[in-house]
Amino acid sequence: MRGGNESRFLRIVSSHLFRYPLMQCADLYKLLHQAAMGSSHGLAGVASSRRSLYSEIDNLSKGPPEPMLDVISDDGLISRINLRPYLAAGGDPDSLLEAFIRTSLEHTGTGARLEKYRGWVTGMMREDLLPEALLGIDEFMDEMYGSGYPAVHHSEVYGTSYSPAYRVILSELVRELSIFPGEAPNPYRQ
């Protein structure tokens, strides 16, 4: 029997596999990396981050249905805010940018957490719960480990098929976004 956090995380991975069936190893790694490390890899300076966000918004294309808030870590600490539903609900890009920057500055992930996620996903592979395109995830992770666990881009097929557009933030900052007044939702509160 799996522990609570492992079960939660495997449900997160399974939901992404269901929503994004064309995921490749780079996309699964990116999910694991963001869940473990947050968004510190994405901060290239405030001005650059602002330009990047507004450029992405200006060029936002259609994508699949997706939740506005996508909790991605096993403990509920890290979330993705998907831009299309966020903006459609009247979300303010500047408050999202501020949460992204704060996350980048305040959250430090660990390789140990990423290794834990790797072990859990490898277990899914051994139990034949991953699609064929992801059966090389262990080798992919070996390569990433050898490179110091760098951030990666989504695969071309994933990018073309799903037009991913989101920002990774600390879940506790959700309440500070312009469309979530009050307390942040926490699906893992005991």
# chains A, B, ... in the order shown; residues from 1 in each chain; ligands from 1
call {"tool": "residues_around", "arguments": {"residues": "region 54-69 of chain A", "least_positions_apart": "2", "cutoff": "12 Å", "atoms": "only C-alpha atoms", "output": "ChimeraX atom specification"}}
result
/A:15-16,18-21,47-52,71-72,76,78-94,96-97,158-175,177,179-180,184-187
call {"tool": "write_last_selection", "arguments": {"atoms": "C-alpha atoms", "output": "short mmCIF file (atom, residue, chain, number, x, y, z; two decimals), in the first residue's frame"}}
result
data_model
loop_
_atom_site.label_atom_id
_atom_site.label_comp_id
_atom_site.auth_asym_id
_atom_site.auth_seq_id
_atom_site.Cartn_x
_atom_site.Cartn_y
_atom_site.Cartn_z
CA SER A 15 -4.54 13.22 -14.12
CA HIS A 16 -1.87 14.83 -16.31
CA PHE A 18 -5.28 11.61 -18.84
CA ARG A 19 -5.47 15.29 -19.86
CA TYR A 20 -2.28 15.24 -21.92
CA PRO A 21 -2.01 11.75 -23.44
CA ALA A 47 11.66 42.95 -16.26
CA SER A 48 12.40 39.88 -18.36
CA SER A 49 9.74 37.84 -16.53
CA ARG A 50 7.18 40.61 -17.11
CA ARG A 51 8.03 40.80 -20.83
CA SER A 52 7.83 37.02 -21.11
CA VAL A 71 -1.78 21.53 -7.65
CA ILE A 72 1.33 19.64 -8.76
CA GLY A 76 0.09 20.76 -2.06
CA ILE A 78 3.34 24.01 -5.50
CA SER A 79 0.68 24.81 -8.10
CA ARG A 80 0.44 25.78 -11.73
CA ILE A 81 -1.93 28.61 -12.61
CA ASN A 82 -3.08 28.01 -16.18
CA LEU A 83 -3.22 31.29 -18.05
CA ARG A 84 -6.25 30.74 -20.28
CA PRO A 85 -8.78 30.05 -17.51
CA TYR A 86 -7.08 32.56 -15.20
CA LEU A 87 -7.39 35.37 -17.73
CA ALA A 88 -10.90 34.27 -18.78
CA ALA A 89 -11.98 34.65 -15.16
CA GLY A 90 -10.61 38.19 -15.07
CA GLY A 91 -7.31 37.38 -13.38
CA ASP A 92 -4.77 40.19 -13.27
CA PRO A 93 -1.46 39.30 -14.94
CA ASP A 94 0.49 41.53 -12.56
CA LEU A 96 0.19 36.41 -11.06
CA LEU A 97 3.61 37.78 -12.00
CA TYR A 158 3.24 18.55 -26.30
CA GLY A 159 3.70 22.22 -27.15
CA THR A 160 1.97 21.88 -30.51
CA SER A 161 -0.87 19.74 -29.18
CA TYR A 162 -1.65 21.53 -25.91
CA SER A 163 -0.16 25.05 -26.12
CA PRO A 164 0.84 25.00 -22.44
CA ALA A 165 0.62 28.41 -20.79
CA TYR A 166 0.97 28.66 -17.02
CA ARG A 167 3.02 30.00 -14.15
CA VAL A 168 4.28 27.91 -11.23
CA ILE A 169 3.64 29.44 -7.83
CA LEU A 170 3.53 28.54 -4.16
CA SER A 171 -0.02 27.41 -3.44
CA GLU A 172 -0.17 29.66 -0.38
CA LEU A 173 0.09 32.66 -2.74
CA VAL A 174 -3.08 31.70 -4.61
CA ARG A 175 -5.15 33.74 -2.15
CA LEU A 177 -4.19 36.52 -6.86
CA ILE A 179 -9.51 36.39 -8.47
CA PHE A 180 -9.02 34.35 -5.29
CA ALA A 184 -6.29 29.76 -0.67
CA PRO A 185 -7.91 26.43 -1.45
CA ASN A 186 -5.86 23.58 -0.02
CA PRO A 187 -7.04 20.16 -1.16
#
call {"tool": "residues_around", "arguments": {"residues": "Leu134 (chain A)", "least_positions_apart": "4", "cutoff": "9 Å", "atoms": "only C-alpha atoms", "output": "list of chain:residue names"}}
result
A:Met23, A:Gln24, A:Cys25, A:Leu28, A:Met125, A:Leu130, A:Asp138
call {"tool": "write_last_selection", "arguments": {"atoms": "N, CA and C atoms", "output": "PDB file, in the first residue's frame"}}
result
ATOM      1  N   MET A  23       1.986  13.241 -23.752  1.00  0.00           N
ATOM      2  CA  MET A  23       3.163  13.595 -22.952  1.00  0.00           C
ATOM      3  C   MET A  23       4.359  12.755 -23.372  1.00  0.00           C
ATOM      4  N   GLN A  24       5.505  13.392 -23.400  1.00  0.00           N
ATOM      5  CA  GLN A  24       6.773  12.739 -23.671  1.00  0.00           C
ATOM      6  C   GLN A  24       7.599  12.781 -22.380  1.00  0.00           C
ATOM      7  N   CYS A  25       8.731  12.140 -22.393  1.00  0.00           N
ATOM      8  CA  CYS A  25       9.582  12.100 -21.192  1.00  0.00           C
ATOM      9  C   CYS A  25       9.944  13.507 -20.705  1.00  0.00           C
ATOM     10  N   LEU A  28       6.935  14.912 -18.732  1.00  0.00           N
ATOM     11  CA  LEU A  28       6.782  14.309 -17.411  1.00  0.00           C
ATOM     12  C   LEU A  28       7.897  14.798 -16.495  1.00  0.00           C
ATOM     13  N   MET A 125       5.959   2.912 -13.762  1.00  0.00           N
ATOM     14  CA  MET A 125       6.460   2.257 -14.969  1.00  0.00           C
ATOM     15  C   MET A 125       6.533   0.750 -14.746  1.00  0.00           C
ATOM     16  N   LEU A 130       2.345   3.539 -17.159  1.00  0.00           N
ATOM     17  CA  LEU A 130       2.755   4.644 -18.021  1.00  0.00           C
ATOM     18  C   LEU A 130       2.590   4.248 -19.478  1.00  0.00           C
ATOM     19  N   ASP A 138      13.128   6.727 -16.960  1.00  0.00           N
ATOM     20  CA  ASP A 138      14.254   6.471 -16.062  1.00  0.00           C
ATOM     21  C   ASP A 138      15.571   6.886 -16.718  1.00  0.00           C
TER      22      ASP A 138
END
call {"tool": "select_by_dssp", "arguments": {"residues": "chain A", "states": "alpha helix (DSSP H)", "output": "number ranges by chain"}}
result
A: 4-19, 25-37, 46-58, 83-88, 93-106, 111-126, 137-146, 156-162
